[in-house]
Amino acid sequence: QAGCRHIQTKIDEDPDNTIPLIFQSILPYFVEVSMDTFGNYLIQKLFTKLNNDDLYSILTIISPHILELGANPHGTRVVQALINYLKTDKLIDYLISIIKPVTVPLIKELNGTHIIQKISEDFPNKSQFIFDLILKNAPSIATHRHGCCVLQRYIVDKDDQFCKKLVEKLLSNFFLLAVDQFGNYIIQSIMKLNVQEINNSIANKMIDNILYYSKHKFSSN
């Protein structure tokens, strides 16, 4: 704790001379320091002083470890802070190429899901891959403890095109979700859209097995 504060003070006192030295010293241990209780604050401090080449080097270092960083409560903050300083298409596209293969696992992580949410908010014109992967993996995400919470954030606007496609995909897996400990909340969220046609469809899916659904621990909800 004291050492981290000491280094941050040195950065403020003489950034031109200390930042290159500190950055090159820390870069080989970037992932480890990012996940440290105190070290993550130093990393976030460095972001304010680095140039685009430095940021590119960081993306290269974290590329194989992005899921590990995203799952860590300190590492996820570092990645989210890093996103704030990616201002060129080259850097943003590089980040997306790193995130894309692990988007679904990150969505299912309590800490990692915030990275996906930030990319969606900060780079809306480059976020189509997130929606595509959510649609493709909707049942798997819906039946996950954290994933179901993410999906519920998207099931709020009955006039939104993505919401419509998502609801359609989820209802095509109605039985799986209705009897699942997390998926049943997704079905309830869909009902809350209060679209008569959708609710009629849900009723029709349940009617022939209403006794089974009523007696099941989760679908009884």
# chains A, B, ... in the order shown; residues from 1 in each chain; ligands from 1
call {"tool": "select_by_dssp", "arguments": {"residues": "segment 73-158 of chain A", "states": "alpha helix (DSSP H)", "output": "PDB file with N, CA, C and O atoms, in the first residue's frame"}}
result
ATOM      1  N   GLY A  75      -8.712  -6.764 -11.446  1.00  0.00           N
ATOM      2  CA  GLY A  75      -8.377  -6.828 -12.861  1.00  0.00           C
ATOM      3  C   GLY A  75      -9.464  -6.265 -13.757  1.00  0.00           C
ATOM      4  O   GLY A  75      -9.171  -5.582 -14.747  1.00  0.00           O
ATOM      5  N   THR A  76     -10.717  -6.504 -13.406  1.00  0.00           N
ATOM      6  CA  THR A  76     -11.809  -5.993 -14.235  1.00  0.00           C
ATOM      7  C   THR A  76     -11.844  -4.471 -14.214  1.00  0.00           C
ATOM      8  O   THR A  76     -12.150  -3.835 -15.223  1.00  0.00           O
ATOM      9  N   ARG A  77     -11.490  -3.868 -13.083  1.00  0.00           N
ATOM     10  CA  ARG A  77     -11.454  -2.404 -13.003  1.00  0.00           C
ATOM     11  C   ARG A  77     -10.332  -1.851 -13.891  1.00  0.00           C
ATOM     12  O   ARG A  77     -10.486  -0.784 -14.492  1.00  0.00           O
ATOM     13  N   VAL A  78      -9.221  -2.561 -13.935  1.00  0.00           N
ATOM     14  CA  VAL A  78      -8.108  -2.127 -14.779  1.00  0.00           C
ATOM     15  C   VAL A  78      -8.514  -2.164 -16.250  1.00  0.00           C
ATOM     16  O   VAL A  78      -8.252  -1.220 -17.006  1.00  0.00           O
ATOM     17  N   VAL A  79      -9.161  -3.241 -16.666  1.00  0.00           N
ATOM     18  CA  VAL A  79      -9.578  -3.357 -18.064  1.00  0.00           C
ATOM     19  C   VAL A  79     -10.610  -2.279 -18.405  1.00  0.00           C
ATOM     20  O   VAL A  79     -10.548  -1.648 -19.463  1.00  0.00           O
ATOM     21  N   GLN A  80     -11.544  -2.043 -17.488  1.00  0.00           N
ATOM     22  CA  GLN A  80     -12.539  -1.000 -17.730  1.00  0.00           C
ATOM     23  C   GLN A  80     -11.888   0.381 -17.798  1.00  0.00           C
ATOM     24  O   GLN A  80     -12.277   1.224 -18.613  1.00  0.00           O
ATOM     25  N   ALA A  81     -10.885   0.611 -16.955  1.00  0.00           N
ATOM     26  CA  ALA A  81     -10.167   1.888 -16.992  1.00  0.00           C
ATOM     27  C   ALA A  81      -9.396   2.021 -18.299  1.00  0.00           C
ATOM     28  O   ALA A  81      -9.352   3.104 -18.904  1.00  0.00           O
ATOM     29  N   LEU A  82      -8.795   0.933 -18.747  1.00  0.00           N
ATOM     30  CA  LEU A  82      -8.049   0.940 -20.003  1.00  0.00           C
ATOM     31  C   LEU A  82      -8.944   1.352 -21.171  1.00  0.00           C
ATOM     32  O   LEU A  82      -8.520   2.120 -22.054  1.00  0.00           O
ATOM     33  N   ILE A  83     -10.169   0.861 -21.172  1.00  0.00           N
ATOM     34  CA  ILE A  83     -11.118   1.174 -22.249  1.00  0.00           C
ATOM     35  C   ILE A  83     -11.304   2.683 -22.396  1.00  0.00           C
ATOM     36  O   ILE A  83     -11.473   3.197 -23.504  1.00  0.00           O
ATOM     37  N   ASP A  89      -9.198   3.774 -33.776  1.00  0.00           N
ATOM     38  CA  ASP A  89      -9.813   2.542 -34.296  1.00  0.00           C
ATOM     39  C   ASP A  89      -8.873   1.358 -34.152  1.00  0.00           C
ATOM     40  O   ASP A  89      -9.309   0.235 -33.882  1.00  0.00           O
ATOM     41  N   LYS A  90      -7.593   1.601 -34.343  1.00  0.00           N
ATOM     42  CA  LYS A  90      -6.615   0.520 -34.238  1.00  0.00           C
ATOM     43  C   LYS A  90      -6.649  -0.117 -32.847  1.00  0.00           C
ATOM     44  O   LYS A  90      -6.671  -1.346 -32.704  1.00  0.00           O
ATOM     45  N   LEU A  91      -6.665   0.718 -31.823  1.00  0.00           N
ATOM     46  CA  LEU A  91      -6.676   0.212 -30.445  1.00  0.00           C
ATOM     47  C   LEU A  91      -8.011  -0.437 -30.101  1.00  0.00           C
ATOM     48  O   LEU A  91      -8.061  -1.505 -29.474  1.00  0.00           O
ATOM     49  N   ILE A  92      -9.100   0.202 -30.504  1.00  0.00           N
ATOM     50  CA  ILE A  92     -10.429  -0.332 -30.198  1.00  0.00           C
ATOM     51  C   ILE A  92     -10.647  -1.670 -30.896  1.00  0.00           C
ATOM     52  O   ILE A  92     -11.148  -2.631 -30.293  1.00  0.00           O
ATOM     53  N   ASP A  93     -10.260  -1.743 -32.157  1.00  0.00           N
ATOM     54  CA  ASP A  93     -10.428  -2.995 -32.913  1.00  0.00           C
ATOM     55  C   ASP A  93      -9.559  -4.108 -32.330  1.00  0.00           C
ATOM     56  O   ASP A  93      -9.962  -5.275 -32.317  1.00  0.00           O
ATOM     57  N   TYR A  94      -8.381  -3.740 -31.842  1.00  0.00           N
ATOM     58  CA  TYR A  94      -7.507  -4.740 -31.215  1.00  0.00           C
ATOM     59  C   TYR A  94      -8.156  -5.273 -29.938  1.00  0.00           C
ATOM     60  O   TYR A  94      -8.178  -6.486 -29.689  1.00  0.00           O
ATOM     61  N   LEU A  95      -8.687  -4.370 -29.135  1.00  0.00           N
ATOM     62  CA  LEU A  95      -9.387  -4.793 -27.917  1.00  0.00           C
ATOM     63  C   LEU A  95     -10.528  -5.746 -28.256  1.00  0.00           C
ATOM     64  O   LEU A  95     -10.679  -6.802 -27.627  1.00  0.00           O
ATOM     65  N   ILE A  96     -11.327  -5.398 -29.244  1.00  0.00           N
ATOM     66  CA  ILE A  96     -12.482  -6.219 -29.612  1.00  0.00           C
ATOM     67  C   ILE A  96     -12.026  -7.597 -30.098  1.00  0.00           C
ATOM     68  O   ILE A  96     -12.665  -8.617 -29.784  1.00  0.00           O
ATOM     69  N   SER A  97     -10.923  -7.650 -30.821  1.00  0.00           N
ATOM     70  CA  SER A  97     -10.411  -8.945 -31.284  1.00  0.00           C
ATOM     71  C   SER A  97      -9.989  -9.828 -30.107  1.00  0.00           C
ATOM     72  O   SER A  97     -10.047 -11.059 -30.188  1.00  0.00           O
ATOM     73  N   ILE A  98      -9.566  -9.197 -29.024  1.00  0.00           N
ATOM     74  CA  ILE A  98      -9.186  -9.927 -27.811  1.00  0.00           C
ATOM     75  C   ILE A  98     -10.428 -10.383 -27.039  1.00  0.00           C
ATOM     76  O   ILE A  98     -10.489 -11.507 -26.525  1.00  0.00           O
ATOM     77  N   ILE A  99     -11.421  -9.506 -26.957  1.00  0.00           N
ATOM     78  CA  ILE A  99     -12.618  -9.765 -26.154  1.00  0.00           C
ATOM     79  C   ILE A  99     -13.552 -10.773 -26.836  1.00  0.00           C
ATOM     80  O   ILE A  99     -14.167 -11.616 -26.165  1.00  0.00           O
ATOM     81  N   THR A 103     -16.276 -13.465 -24.990  1.00  0.00           N
ATOM     82  CA  THR A 103     -17.414 -12.611 -24.633  1.00  0.00           C
ATOM     83  C   THR A 103     -18.417 -13.349 -23.753  1.00  0.00           C
ATOM     84  O   THR A 103     -18.842 -12.832 -22.711  1.00  0.00           O
ATOM     85  N   VAL A 104     -18.815 -14.538 -24.166  1.00  0.00           N
ATOM     86  CA  VAL A 104     -19.824 -15.282 -23.394  1.00  0.00           C
ATOM     87  C   VAL A 104     -19.311 -15.664 -22.004  1.00  0.00           C
ATOM     88  O   VAL A 104     -20.013 -15.461 -21.007  1.00  0.00           O
ATOM     89  N   PRO A 105     -18.093 -16.212 -21.877  1.00  0.00           N
ATOM     90  CA  PRO A 105     -17.569 -16.470 -20.525  1.00  0.00           C
ATOM     91  C   PRO A 105     -17.494 -15.216 -19.660  1.00  0.00           C
ATOM     92  O   PRO A 105     -17.751 -15.276 -18.454  1.00  0.00           O
ATOM     93  N   LEU A 106     -17.148 -14.073 -20.261  1.00  0.00           N
ATOM     94  CA  LEU A 106     -17.095 -12.830 -19.489  1.00  0.00           C
ATOM     95  C   LEU A 106     -18.486 -12.407 -19.032  1.00  0.00           C
ATOM     96  O   LEU A 106     -18.660 -11.920 -17.911  1.00  0.00           O
ATOM     97  N   ILE A 107     -19.477 -12.584 -19.895  1.00  0.00           N
ATOM     98  CA  ILE A 107     -20.857 -12.252 -19.525  1.00  0.00           C
ATOM     99  C   ILE A 107     -21.289 -13.056 -18.302  1.00  0.00           C
ATOM    100  O   ILE A 107     -22.025 -12.563 -17.441  1.00  0.00           O
ATOM    101  N   THR A 113     -18.637  -9.306 -16.575  1.00  0.00           N
ATOM    102  CA  THR A 113     -19.774  -8.798 -17.334  1.00  0.00           C
ATOM    103  C   THR A 113     -19.743  -7.272 -17.466  1.00  0.00           C
ATOM    104  O   THR A 113     -20.258  -6.711 -18.436  1.00  0.00           O
ATOM    105  N   HIS A 114     -19.096  -6.593 -16.520  1.00  0.00           N
ATOM    106  CA  HIS A 114     -19.010  -5.132 -16.579  1.00  0.00           C
ATOM    107  C   HIS A 114     -18.127  -4.664 -17.739  1.00  0.00           C
ATOM    108  O   HIS A 114     -18.324  -3.566 -18.267  1.00  0.00           O
ATOM    109  N   ILE A 115     -17.160  -5.496 -18.126  1.00  0.00           N
ATOM    110  CA  ILE A 115     -16.319  -5.165 -19.277  1.00  0.00           C
ATOM    111  C   ILE A 115     -17.147  -5.168 -20.550  1.00  0.00           C
ATOM    112  O   ILE A 115     -17.062  -4.250 -21.380  1.00  0.00           O
ATOM    113  N   ILE A 116     -17.982  -6.194 -20.706  1.00  0.00           N
ATOM    114  CA  ILE A 116     -18.839  -6.297 -21.892  1.00  0.00           C
ATOM    115  C   ILE A 116     -19.827  -5.136 -21.919  1.00  0.00           C
ATOM    116  O   ILE A 116     -20.069  -4.527 -22.970  1.00  0.00           O
ATOM    117  N   GLN A 117     -20.381  -4.814 -20.782  1.00  0.00           N
ATOM    118  CA  GLN A 117     -21.341  -3.709 -20.692  1.00  0.00           C
ATOM    119  C   GLN A 117     -20.672  -2.385 -21.067  1.00  0.00           C
ATOM    120  O   GLN A 117     -21.260  -1.564 -21.783  1.00  0.00           O
ATOM    121  N   LYS A 118     -19.435  -2.193 -20.625  1.00  0.00           N
ATOM    122  CA  LYS A 118     -18.733  -0.934 -20.923  1.00  0.00           C
ATOM    123  C   LYS A 118     -18.402  -0.822 -22.416  1.00  0.00           C
ATOM    124  O   LYS A 118     -18.533   0.261 -22.998  1.00  0.00           O
ATOM    125  N   ILE A 119     -17.983  -1.915 -23.012  1.00  0.00           N
ATOM    126  CA  ILE A 119     -17.709  -1.896 -24.453  1.00  0.00           C
ATOM    127  C   ILE A 119     -18.974  -1.537 -25.217  1.00  0.00           C
ATOM    128  O   ILE A 119     -18.954  -0.735 -26.154  1.00  0.00           O
ATOM    129  N   SER A 120     -20.083  -2.129 -24.793  1.00  0.00           N
ATOM    130  CA  SER A 120     -21.368  -1.857 -25.453  1.00  0.00           C
ATOM    131  C   SER A 120     -21.752  -0.390 -25.333  1.00  0.00           C
ATOM    132  O   SER A 120     -22.272   0.212 -26.281  1.00  0.00           O
ATOM    133  N   GLU A 121     -21.496   0.198 -24.175  1.00  0.00           N
ATOM    134  CA  GLU A 121     -21.863   1.596 -23.936  1.00  0.00           C
ATOM    135  C   GLU A 121     -20.897   2.574 -24.600  1.00  0.00           C
ATOM    136  O   GLU A 121     -21.308   3.596 -25.151  1.00  0.00           O
ATOM    137  N   ASP A 122     -19.588   2.274 -24.551  1.00  0.00           N
ATOM    138  CA  ASP A 122     -18.577   3.211 -25.044  1.00  0.00           C
ATOM    139  C   ASP A 122     -18.369   3.125 -26.553  1.00  0.00           C
ATOM    140  O   ASP A 122     -18.009   4.116 -27.186  1.00  0.00           O
ATOM    141  N   GLN A 128     -21.849  -4.797 -32.296  1.00  0.00           N
ATOM    142  CA  GLN A 128     -22.783  -5.766 -32.871  1.00  0.00           C
ATOM    143  C   GLN A 128     -22.382  -7.198 -32.532  1.00  0.00           C
ATOM    144  O   GLN A 128     -23.238  -8.071 -32.349  1.00  0.00           O
ATOM    145  N   PHE A 129     -21.089  -7.444 -32.413  1.00  0.00           N
ATOM    146  CA  PHE A 129     -20.626  -8.801 -32.108  1.00  0.00           C
ATOM    147  C   PHE A 129     -21.164  -9.281 -30.762  1.00  0.00           C
ATOM    148  O   PHE A 129     -21.412 -10.489 -30.581  1.00  0.00           O
ATOM    149  N   ILE A 130     -21.359  -8.353 -29.815  1.00  0.00           N
ATOM    150  CA  ILE A 130     -21.898  -8.724 -28.505  1.00  0.00           C
ATOM    151  C   ILE A 130     -23.329  -9.223 -28.656  1.00  0.00           C
ATOM    152  O   ILE A 130     -23.702 -10.278 -28.127  1.00  0.00           O
ATOM    153  N   PHE A 131     -24.141  -8.473 -29.399  1.00  0.00           N
ATOM    154  CA  PHE A 131     -25.535  -8.863 -29.592  1.00  0.00           C
ATOM    155  C   PHE A 131     -25.632 -10.188 -30.355  1.00  0.00           C
ATOM    156  O   PHE A 131     -26.473 -11.031 -30.039  1.00  0.00           O
ATOM    157  N   ASP A 132     -24.765 -10.366 -31.345  1.00  0.00           N
ATOM    158  CA  ASP A 132     -24.778 -11.605 -32.136  1.00  0.00           C
ATOM    159  C   ASP A 132     -24.452 -12.804 -31.253  1.00  0.00           C
ATOM    160  O   ASP A 132     -25.098 -13.863 -31.361  1.00  0.00           O
ATOM    161  N   LEU A 133     -23.465 -12.658 -30.383  1.00  0.00           N
ATOM    162  CA  LEU A 133     -23.057 -13.762 -29.512  1.00  0.00           C
ATOM    163  C   LEU A 133     -24.103 -14.039 -28.435  1.00  0.00           C
ATOM    164  O   LEU A 133     -24.317 -15.189 -28.050  1.00  0.00           O
ATOM    165  N   ILE A 134     -24.756 -12.986 -27.960  1.00  0.00           N
ATOM    166  CA  ILE A 134     -25.828 -13.177 -26.975  1.00  0.00           C
ATOM    167  C   ILE A 134     -26.972 -13.966 -27.600  1.00  0.00           C
ATOM    168  O   ILE A 134     -27.509 -14.908 -26.990  1.00  0.00           O
ATOM    169  N   LEU A 135     -27.361 -13.588 -28.812  1.00  0.00           N
ATOM    170  CA  LEU A 135     -28.439 -14.311 -29.500  1.00  0.00           C
ATOM    171  C   LEU A 135     -28.058 -15.764 -29.732  1.00  0.00           C
ATOM    172  O   LEU A 135     -28.866 -16.679 -29.515  1.00  0.00           O
ATOM    173  N   LYS A 136     -26.841 -15.990 -30.177  1.00  0.00           N
ATOM    174  CA  LYS A 136     -26.383 -17.340 -30.480  1.00  0.00           C
ATOM    175  C   LYS A 136     -26.334 -18.221 -29.241  1.00  0.00           C
ATOM    176  O   LYS A 136     -26.596 -19.433 -29.309  1.00  0.00           O
ATOM    177  N   ALA A 138     -28.021 -17.543 -26.228  1.00  0.00           N
ATOM    178  CA  ALA A 138     -29.051 -17.078 -25.289  1.00  0.00           C
ATOM    179  C   ALA A 138     -29.476 -18.124 -24.256  1.00  0.00           C
ATOM    180  O   ALA A 138     -29.541 -17.814 -23.059  1.00  0.00           O
ATOM    181  N   PRO A 139     -29.785 -19.377 -24.650  1.00  0.00           N
ATOM    182  CA  PRO A 139     -30.220 -20.362 -23.644  1.00  0.00           C
ATOM    183  C   PRO A 139     -29.149 -20.623 -22.583  1.00  0.00           C
ATOM    184  O   PRO A 139     -29.459 -20.715 -21.386  1.00  0.00           O
ATOM    185  N   SER A 140     -27.892 -20.728 -23.029  1.00  0.00           N
ATOM    186  CA  SER A 140     -26.792 -20.978 -22.094  1.00  0.00           C
ATOM    187  C   SER A 140     -26.619 -19.819 -21.123  1.00  0.00           C
ATOM    188  O   SER A 140     -26.391 -20.021 -19.924  1.00  0.00           O
ATOM    189  N   ILE A 141     -26.738 -18.603 -21.634  1.00  0.00           N
ATOM    190  CA  ILE A 141     -26.597 -17.415 -20.783  1.00  0.00           C
ATOM    191  C   ILE A 141     -27.782 -17.298 -19.835  1.00  0.00           C
ATOM    192  O   ILE A 141     -27.632 -16.961 -18.656  1.00  0.00           O
ATOM    193  N   ALA A 142     -28.974 -17.588 -20.329  1.00  0.00           N
ATOM    194  CA  ALA A 142     -30.195 -17.437 -19.533  1.00  0.00           C
ATOM    195  C   ALA A 142     -30.250 -18.386 -18.353  1.00  0.00           C
ATOM    196  O   ALA A 142     -30.915 -18.108 -17.348  1.00  0.00           O
ATOM    197  N   GLY A 147     -25.508 -14.703 -15.926  1.00  0.00           N
ATOM    198  CA  GLY A 147     -25.970 -14.462 -17.285  1.00  0.00           C
ATOM    199  C   GLY A 147     -27.431 -14.065 -17.355  1.00  0.00           C
ATOM    200  O   GLY A 147     -27.812 -13.196 -18.148  1.00  0.00           O
ATOM    201  N   CYS A 148     -28.262 -14.682 -16.518  1.00  0.00           N
ATOM    202  CA  CYS A 148     -29.692 -14.367 -16.559  1.00  0.00           C
ATOM    203  C   CYS A 148     -29.943 -12.916 -16.159  1.00  0.00           C
ATOM    204  O   CYS A 148     -30.852 -12.265 -16.677  1.00  0.00           O
ATOM    205  N   CYS A 149     -29.103 -12.390 -15.272  1.00  0.00           N
ATOM    206  CA  CYS A 149     -29.245 -10.978 -14.870  1.00  0.00           C
ATOM    207  C   CYS A 149     -28.888 -10.051 -16.030  1.00  0.00           C
ATOM    208  O   CYS A 149     -29.517  -9.009 -16.219  1.00  0.00           O
ATOM    209  N   VAL A 150     -27.875 -10.447 -16.813  1.00  0.00           N
ATOM    210  CA  VAL A 150     -27.480  -9.657 -17.975  1.00  0.00           C
ATOM    211  C   VAL A 150     -28.619  -9.615 -18.986  1.00  0.00           C
ATOM    212  O   VAL A 150     -28.983  -8.548 -19.497  1.00  0.00           O
ATOM    213  N   LEU A 151     -29.211 -10.766 -19.279  1.00  0.00           N
ATOM    214  CA  LEU A 151     -30.283 -10.824 -20.269  1.00  0.00           C
ATOM    215  C   LEU A 151     -31.491  -9.999 -19.840  1.00  0.00           C
ATOM    216  O   LEU A 151     -32.146  -9.368 -20.674  1.00  0.00           O
ATOM    217  N   GLN A 152     -31.772  -9.997 -18.547  1.00  0.00           N
ATOM    218  CA  GLN A 152     -32.934  -9.234 -18.076  1.00  0.00           C
ATOM    219  C   GLN A 152     -32.791  -7.742 -18.350  1.00  0.00           C
ATOM    220  O   GLN A 152     -33.796  -7.045 -18.501  1.00  0.00           O
ATOM    221  N   ARG A 153     -31.538  -7.264 -18.450  1.00  0.00           N
ATOM    222  CA  ARG A 153     -31.325  -5.854 -18.763  1.00  0.00           C
ATOM    223  C   ARG A 153     -31.713  -5.531 -20.206  1.00  0.00           C
ATOM    224  O   ARG A 153     -32.013  -4.381 -20.533  1.00  0.00           O
ATOM    225  N   TYR A 154     -31.682  -6.559 -21.054  1.00  0.00           N
ATOM    226  CA  TYR A 154     -32.040  -6.345 -22.458  1.00  0.00           C
ATOM    227  C   TYR A 154     -33.538  -6.553 -22.710  1.00  0.00           C
ATOM    228  O   TYR A 154     -34.053  -6.104 -23.727  1.00  0.00           O
TER     229      TYR A 154
END
call {"tool": "residues_around", "arguments": {"residues": "segment 42-50 of chain A", "least_positions_apart": "2", "cutoff": "10 Å", "atoms": "only C-alpha atoms", "output": "VMD selection string"}}
result
chain A and resid 3 to 8 11 to 12 15 to 16 19 to 20 22 to 23 26 to 27 30 to 31 33 to 36 38 to 40 52 to 55 58 77 to 86
call {"tool": "closest_residue", "arguments": {"among": "A:Tyr212, A:Val102, A:Ile202, A:Phe162", "to": "Ile190 of chain A", "atoms": "only C-alpha atoms"}}
result
A:Ile202
call {"tool": "closest_residue", "arguments": {"among": "A:Lys165, A:Leu193, A:Glu32, A:Leu21", "to": "Ile61 of chain A", "atoms": "only C-alpha atoms"}}
result
A:Glu32
call {"tool": "closest_residue", "arguments": {"among": "A:Asn200, A:Asn111, A:Thr88, A:Gln161", "to": "Leu69 of chain A", "atoms": "only C-alpha atoms"}}
result
A:Asn111
call {"tool": "closest_residue", "arguments": {"among": "A:Asn194, A:Lys205, A:Lys215, A:His74", "to": "Asp157 of chain A", "atoms": "only C-alpha atoms"}}
result
A:Asn194
call {"tool": "atom_distance", "arguments": {"atom1": "atom CA of His146 of chain A", "atom2": "atom CA of Leu110 of chain A"}}
result
6.1 Å
call {"tool": "closest_residue", "arguments": {"among": "A:Asp180, A:Glu197, A:Asp159, A:Glu68", "to": "His144 of chain A", "atoms": "only C-alpha atoms"}}
result
A:Asp180
call {"tool": "atom_distance", "arguments": {"atom1": "atom CA of Lys192 of chain A", "atom2": "atom CA of Phe218 of chain A"}}
result
17.5 Å
call {"tool": "residues_around", "arguments": {"residues": "Asn209 of chain A", "least_positions_apart": "5", "cutoff": "12 Å", "atoms": "only C-alpha atoms", "output": "PyMOL selection string"}}
result
chain A and resi 175+178+202-204+214-216+219-220
call {"tool": "write_last_selection", "arguments": {"atoms": "N, CA and C atoms", "output": "mmCIF file, in the first residue's frame"}}
result
data_model
loop_
_atom_site.group_PDB
_atom_site.id
_atom_site.type_symbol
_atom_site.label_atom_id
_atom_site.label_comp_id
_atom_site.auth_asym_id
_atom_site.auth_seq_id
_atom_site.Cartn_x
_atom_site.Cartn_y
_atom_site.Cartn_z
ATOM 1 N N PHE A 175 -39.233 -24.613 -22.611
ATOM 2 C CA PHE A 175 -39.232 -25.672 -21.596
ATOM 3 C C PHE A 175 -37.945 -25.643 -20.777
ATOM 4 N N ALA A 178 -38.153 -22.508 -18.436
ATOM 5 C CA ALA A 178 -39.243 -22.503 -17.452
ATOM 6 C C ALA A 178 -38.921 -23.352 -16.226
ATOM 7 N N ILE A 202 -46.863 -17.870 -24.529
ATOM 8 C CA ILE A 202 -46.384 -18.543 -23.320
ATOM 9 C C ILE A 202 -47.486 -19.430 -22.732
ATOM 10 N N ALA A 203 -48.688 -18.908 -22.687
ATOM 11 C CA ALA A 203 -49.818 -19.681 -22.156
ATOM 12 C C ALA A 203 -50.035 -20.944 -22.970
ATOM 13 N N ASN A 204 -49.953 -20.814 -24.292
ATOM 14 C CA ASN A 204 -50.146 -21.980 -25.161
ATOM 15 C C ASN A 204 -49.059 -23.020 -24.957
ATOM 16 N N SER A 214 -46.893 -26.515 -12.724
ATOM 17 C CA SER A 214 -47.378 -26.002 -11.430
ATOM 18 C C SER A 214 -46.688 -26.689 -10.261
ATOM 19 N N LYS A 215 -46.338 -27.952 -10.433
ATOM 20 C CA LYS A 215 -45.749 -28.718 -9.338
ATOM 21 C C LYS A 215 -44.224 -28.651 -9.327
ATOM 22 N N HIS A 216 -43.643 -28.106 -10.424
ATOM 23 C CA HIS A 216 -42.183 -28.032 -10.502
ATOM 24 C C HIS A 216 -41.663 -26.882 -9.641
ATOM 25 N N SER A 219 -40.660 -23.762 -12.276
ATOM 26 C CA SER A 219 -41.687 -23.296 -13.211
ATOM 27 C C SER A 219 -42.971 -22.907 -12.489
ATOM 28 N N SER A 220 -43.132 -23.341 -11.252
ATOM 29 C CA SER A 220 -44.321 -22.934 -10.492
ATOM 30 C C SER A 220 -44.324 -21.409 -10.289
#
call {"tool": "residues_around", "arguments": {"residues": "Ser201 of chain A", "least_positions_apart": "3", "cutoff": "12 Å", "atoms": "only C-alpha atoms", "output": "list in words"}}
result
Val167, Glu168, Leu171, Ser172, Phe174, Ile187, Ile190, Met191, Val195, Gln196, Glu197, Ile198, Asn204, Lys205, Met206 and Ile207 of chain A
call {"tool": "closest_residue", "arguments": {"among": "A:His65, A:Arg145, A:Lys10, A:Lys169", "to": "Glu109 of chain A", "atoms": "only C-alpha atoms"}}
result
A:Arg145
call {"tool": "atom_distance", "arguments": {"atom1": "atom CA of Leu170 of chain A", "atom2": "atom CA of Lys217 of chain A"}}
result
20.1 Å
